[in-house]
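Here is run-v3.cif, consisting of mmCIF, C-alpha atoms (C1' of nucleotides):
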data_coords
loop_
_atom_site.group_PDB
_atom_site.id
_atom_site.type_symbol
_atom_site.label_atom_id
_atom_site.label_comp_id
_atom_site.auth_asym_id
_atom_site.auth_seq_id
_atom_site.Cartn_x
_atom_site.Cartn_y
_atom_site.Cartn_z
ATOM 1 C CA MET A 9 44.588 -81.454 8.278
ATOM 2 C CA PRO A 10 47.835 -80.418 9.981
ATOM 3 C CA PRO A 11 47.818 -76.805 11.179
ATOM 4 C CA GLY A 12 51.039 -76.197 9.310
ATOM 5 C CA ASP A 13 49.297 -76.769 6.008
ATOM 6 C CA TYR A 14 47.459 -73.472 6.181
ATOM 7 C CA ALA A 15 50.767 -71.738 6.802
ATOM 8 C CA ARG A 16 52.265 -73.343 3.695
ATOM 9 C CA ILE A 17 49.249 -72.319 1.651
ATOM 10 C CA TYR A 18 49.537 -68.726 2.842
ATOM 11 C CA ALA A 19 53.246 -68.760 2.093
ATOM 12 C CA ALA A 20 52.537 -69.875 -1.472
ATOM 13 C CA VAL A 21 49.900 -67.168 -1.930
ATOM 14 C CA ARG A 22 52.317 -64.565 -0.657
ATOM 15 C CA ARG A 23 54.667 -65.422 -3.487
ATOM 16 C CA ILE A 24 52.211 -64.220 -6.112
ATOM 17 C CA PRO A 25 53.507 -60.902 -7.512
ATOM 18 C CA ARG A 26 51.312 -57.830 -7.814
ATOM 19 C CA GLY A 27 49.285 -57.744 -10.989
ATOM 20 C CA ARG A 28 49.425 -61.537 -11.398
ATOM 21 C CA VAL A 29 47.067 -64.282 -10.294
ATOM 22 C CA ALA A 30 47.279 -67.980 -9.463
ATOM 23 C CA THR A 31 44.620 -70.684 -9.453
ATOM 24 C CA TYR A 32 43.555 -72.654 -6.402
ATOM 25 C CA GLY A 33 45.021 -75.835 -7.806
ATOM 26 C CA GLN A 34 48.267 -74.069 -8.599
ATOM 27 C CA ILE A 35 48.603 -72.857 -5.016
ATOM 28 C CA ALA A 36 47.852 -76.342 -3.730
ATOM 29 C CA LEU A 37 50.694 -77.663 -5.848
ATOM 30 C CA LEU A 38 53.115 -74.965 -4.684
ATOM 31 C CA ALA A 39 52.175 -75.779 -1.087
ATOM 32 C CA ASP A 40 52.967 -79.444 -1.702
ATOM 33 C CA LEU A 41 49.335 -80.429 -1.402
ATOM 34 C CA PRO A 42 48.404 -81.724 -4.862
ATOM 35 C CA GLY A 43 44.681 -82.251 -5.278
ATOM 36 C CA HIS A 44 43.819 -79.950 -2.388
ATOM 37 C CA ALA A 45 42.478 -77.054 -4.410
ATOM 38 C CA ARG A 46 39.353 -76.905 -2.272
ATOM 39 C CA GLN A 47 41.370 -76.754 0.897
ATOM 40 C CA VAL A 48 43.115 -73.689 -0.485
ATOM 41 C CA GLY A 49 39.722 -72.065 -0.676
ATOM 42 C CA TYR A 50 38.998 -73.072 2.911
ATOM 43 C CA ALA A 51 42.315 -71.675 4.056
ATOM 44 C CA LEU A 52 41.610 -68.348 2.382
ATOM 45 C CA ASN A 53 38.133 -68.332 3.826
ATOM 46 C CA ALA A 54 39.649 -68.743 7.280
ATOM 47 C CA LEU A 55 41.805 -65.643 6.881
ATOM 48 C CA GLU A 56 41.283 -62.928 9.455
ATOM 49 C CA HIS A 57 44.047 -60.369 9.737
ATOM 50 C CA GLU A 58 46.952 -62.185 8.182
ATOM 51 C CA ARG A 59 48.855 -60.280 5.524
ATOM 52 C CA VAL A 60 48.006 -62.492 2.545
ATOM 53 C CA PRO A 61 47.144 -61.314 -0.983
ATOM 54 C CA TRP A 62 44.091 -63.608 -1.155
ATOM 55 C CA HIS A 63 42.596 -61.568 -3.989
ATOM 56 C CA ARG A 64 45.242 -62.914 -6.378
ATOM 57 C CA VAL A 65 43.748 -66.398 -6.249
ATOM 58 C CA VAL A 66 41.093 -67.219 -8.836
ATOM 59 C CA ASN A 67 39.649 -70.449 -10.203
ATOM 60 C CA ALA A 68 40.934 -72.396 -13.202
ATOM 61 C CA GLN A 69 38.539 -70.593 -15.522
ATOM 62 C CA GLY A 70 39.947 -67.188 -14.753
ATOM 63 C CA ARG A 71 36.861 -66.238 -12.808
ATOM 64 C CA ILE A 72 36.398 -65.055 -9.249
ATOM 65 C CA SER A 73 34.817 -67.822 -7.220
ATOM 66 C CA LEU A 74 31.551 -66.929 -5.518
ATOM 67 C CA ARG A 75 31.300 -67.180 -1.726
ATOM 68 C CA ALA A 76 28.393 -68.207 0.395
ATOM 69 C CA VAL A 77 28.235 -64.612 1.615
ATOM 70 C CA SER A 78 28.118 -62.454 -1.478
ATOM 71 C CA GLY A 79 30.045 -59.201 -1.608
ATOM 72 C CA ALA A 80 33.689 -60.162 -1.280
ATOM 73 C CA GLU A 81 33.809 -60.965 -4.999
ATOM 74 C CA PHE A 82 33.471 -57.274 -5.799
ATOM 75 C CA GLU A 83 36.225 -56.404 -3.362
ATOM 76 C CA GLN A 84 38.477 -58.982 -4.986
ATOM 77 C CA ARG A 85 37.851 -57.654 -8.455
ATOM 78 C CA ARG A 86 38.391 -54.094 -7.277
ATOM 79 C CA ARG A 87 41.755 -54.999 -5.766
ATOM 80 C CA LEU A 88 42.886 -56.853 -8.870
ATOM 81 C CA GLU A 89 41.898 -54.008 -11.156
ATOM 82 C CA ALA A 90 43.829 -51.683 -8.878
ATOM 83 C CA GLU A 91 46.890 -53.795 -9.702
ATOM 84 C CA GLY A 92 46.251 -53.618 -13.426
ATOM 85 C CA VAL A 93 44.434 -56.886 -13.984
ATOM 86 C CA GLU A 94 41.740 -56.503 -16.624
ATOM 87 C CA PHE A 95 38.385 -58.248 -16.781
ATOM 88 C CA ASP A 96 36.271 -58.788 -19.870
ATOM 89 C CA ALA A 97 32.575 -58.052 -20.184
ATOM 90 C CA ALA A 98 31.795 -61.491 -18.793
ATOM 91 C CA GLY A 99 33.764 -60.743 -15.640
ATOM 92 C CA ARG A 100 36.609 -63.004 -16.572
ATOM 93 C CA LEU A 101 40.336 -62.362 -16.761
ATOM 94 C CA SER A 102 42.840 -63.872 -19.181
ATOM 95 C CA LEU A 103 44.976 -66.482 -17.452
ATOM 96 C CA ALA A 104 47.203 -66.456 -20.531
ATOM 97 C CA ARG A 105 48.036 -62.844 -19.728
ATOM 98 C CA PHE A 106 47.842 -62.598 -15.954
ATOM 99 C CA GLN A 107 48.588 -66.008 -14.495
ATOM 100 C CA TRP A 108 51.773 -66.126 -12.467
ATOM 101 C CA ARG A 109 54.236 -68.693 -13.734
ATOM 102 C CA PRO A 110 56.971 -69.231 -11.177
ATOM 103 C CA ARG A 111 60.160 -70.652 -12.638
ATOM 104 C CA ALA A 112 61.244 -74.109 -11.482
ATOM 105 C "C1'" DA B 28 30.583 -95.403 9.391
ATOM 106 C "C1'" DG B 29 27.206 -92.504 6.353
ATOM 107 C "C1'" DC B 30 25.771 -88.141 4.505
ATOM 108 C "C1'" DC B 31 26.218 -83.394 3.276
ATOM 109 C "C1'" DT B 32 28.737 -79.263 2.091
ATOM 110 C "C1'" DG B 33 32.187 -76.325 -0.044
ATOM 111 C "C1'" DA B 34 36.355 -69.389 -2.347
ATOM 112 C "C1'" DC B 35 37.911 -76.648 -6.802
ATOM 113 C "C1'" DT B 36 38.827 -79.106 -11.414
ATOM 114 C "C1'" DC B 37 38.470 -81.694 -15.475
ATOM 115 C "C1'" DG B 38 36.087 -83.744 -19.209
ATOM 116 C "C1'" DG B 39 32.071 -84.729 -21.850
ATOM 117 C "C1'" DA B 40 27.493 -83.275 -23.758
ATOM 118 C "C1'" DC C 3 30.596 -71.079 -24.987
ATOM 119 C "C1'" DT C 4 27.826 -72.954 -20.935
ATOM 120 C "C1'" DC C 5 26.013 -76.904 -17.990
ATOM 121 C "C1'" DC C 6 26.303 -80.848 -15.603
ATOM 122 C "C1'" DG C 7 28.502 -85.083 -13.469
ATOM 123 C "C1'" DA C 8 31.940 -87.210 -11.275
ATOM 124 C "C1'" DG C 9 36.130 -87.085 -8.744
ATOM 125 C "C1'" DC C 10 38.367 -84.813 -5.297
ATOM 126 C "C1'" DC C 11 39.583 -83.938 0.033
ATOM 127 C "C1'" DA C 12 38.718 -82.039 4.743
ATOM 128 C "C1'" DG C 13 35.193 -81.086 8.292
ATOM 129 C "C1'" DG C 14 31.086 -81.151 10.859
ATOM 130 C "C1'" DC C 15 26.986 -83.838 12.385
#
Show me, as structure tokens, the structure contained in the file I just sent.
Amino acid sequence: MPPGDYARIYAAVRRIPRGRVATYGQIALLADLPGHARQVGYALNALEHERVPWHRVVNAQGRISLRAVSGAEFEQRRRLEAEGVEFDAAGRLSLARFQWRPRA
DNA sequence: AGCCTGACTCGGA
DNA sequence: CTCCGAGCCAGGC
């Protein structure tokens, strides 16, 4: 996978406004990498100190994807709630309400 | 090459 | 609604 791909993925994630979320597949599309939803996850997993709002990326079911190393999920939810995103009792957010829909 | 794994997704049971 | 199963693609062995 070309090194530049990660940069495009990060650029797409950076476009997500505060208080909104995007799905992995959606980011893949915006980065011109249709079908690479999993790679988006890898790219986010590889983040170190880059300034990228990784917490605004959730899966297609409006849930926070679990990592191999548990713990970061709580941090993600905490950050989203700090931006006004609400979760239901089942730990899921409403994509209908919070998903970012960039125009054309 | 083959096999396994993973911050994914969609559709069917 | 939840649980698979299959498809998906990149990476590491």
* With a cut-off of 12 Å and counting only C-alpha atoms (C1' of nucleotides), select all residues of chain B in contact with chain A and give the selection as an MDAnalysis selection string. => chainID B and resid 32:37
Quick check on the file I pasted: which residues fall under the PyMOL selection byres ((chain C) within 10 of (chain A))? Write them as a PDB file with C-alpha atoms (C1' of nucleotides), keeping the file's coordinate frame.
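Result file follows (part23.pdb):
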ATOM      1  C1'  DC C  10      38.367 -84.813  -5.297  1.00  0.00           C
ATOM      2  C1'  DC C  11      39.583 -83.938   0.033  1.00  0.00           C
ATOM      3  C1'  DA C  12      38.718 -82.039   4.743  1.00  0.00           C
ATOM      4  C1'  DG C  13      35.193 -81.086   8.292  1.00  0.00           C
TER       5       DG C  13
END
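Every residue within 10 Å of the file position (52.4, -65.2, 1.6), judged by all atoms listed in the file, is given as Ala15, Arg16, Ile17, Tyr18, Ala19, Ala20, Val21, Arg22, Arg23, Ile24, Glu58, Arg59, Val60, Pro61 and Trp62 of chain A.
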* Contact residues around Asp96 (chain A) with only C-alpha atoms (C1' of nucleotides) at 12 Å, ignoring same-chain residues under 6 positions, as a list in words -> Gly70, Arg71, Arg85, Glu89, Ser102 and Leu103 of chain A
Dump C-alpha atoms for the selected residues as a short mmCIF file (atom, residue, chain, number, x, y, z; two decimals), keeping the file's coordinate frame?
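Final output, again14.cif:
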data_model
loop_
_atom_site.label_atom_id
_atom_site.label_comp_id
_atom_site.auth_asym_id
_atom_site.auth_seq_id
_atom_site.Cartn_x
_atom_site.Cartn_y
_atom_site.Cartn_z
CA GLY A 70 39.95 -67.19 -14.75
CA ARG A 71 36.86 -66.24 -12.81
CA ARG A 85 37.85 -57.65 -8.46
CA GLU A 89 41.90 -54.01 -11.16
CA SER A 102 42.84 -63.87 -19.18
CA LEU A 103 44.98 -66.48 -17.45
#
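Near DC6 (chain C), within a cut-off of 12 Å and counting all atoms listed in the file, sit the residues B:DG38, B:DG39, B:DA40, with same-chain residues fewer than 5 positions away left out.
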Distance query Ala90 (chain A) at most 12 Å, only C-alpha atoms (C1' of nucleotides), self and fewer than 3 positions along chain excluded, as a PDB file with C-alpha atoms, keeping the file's coordinate frame:
ATOM      1  CA  ARG A  26      51.312 -57.830  -7.814  1.00  0.00           C
ATOM      2  CA  GLY A  27      49.285 -57.744 -10.989  1.00  0.00           C
ATOM      3  CA  ARG A  28      49.425 -61.537 -11.398  1.00  0.00           C
ATOM      4  CA  HIS A  63      42.596 -61.568  -3.989  1.00  0.00           C
ATOM      5  CA  ARG A  64      45.242 -62.914  -6.378  1.00  0.00           C
ATOM      6  CA  GLU A  83      36.225 -56.404  -3.362  1.00  0.00           C
ATOM      7  CA  GLN A  84      38.477 -58.982  -4.986  1.00  0.00           C
ATOM      8  CA  ARG A  85      37.851 -57.654  -8.455  1.00  0.00           C
ATOM      9  CA  ARG A  86      38.391 -54.094  -7.277  1.00  0.00           C
ATOM     10  CA  ARG A  87      41.755 -54.999  -5.766  1.00  0.00           C
ATOM     11  CA  VAL A  93      44.434 -56.886 -13.984  1.00  0.00           C
ATOM     12  CA  GLU A  94      41.740 -56.503 -16.624  1.00  0.00           C
ATOM     13  CA  PHE A  95      38.385 -58.248 -16.781  1.00  0.00           C
TER      14      PHE A  95
END
Listed atoms of chain B boxed axis-aligned with 3 Å per side, centre + edges as AutoDock Vina command-line options:
--center_x 32.3 --center_y -82.4 --center_z -7.2 --size_x 19.1 --size_y 32.0 --size_z 39.1
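What separates CA of Ala39 (chain A) from CA of Gly92 (chain A) is a distance of 26.0 Å.
In this structure, CA of Arg109 (chain A) sits 27.2 Å away from CA of Pro10 (chain A).
We find CA of Val29 (chain A) and CA of Arg105 (chain A) to be spaced 9.6 Å apart.
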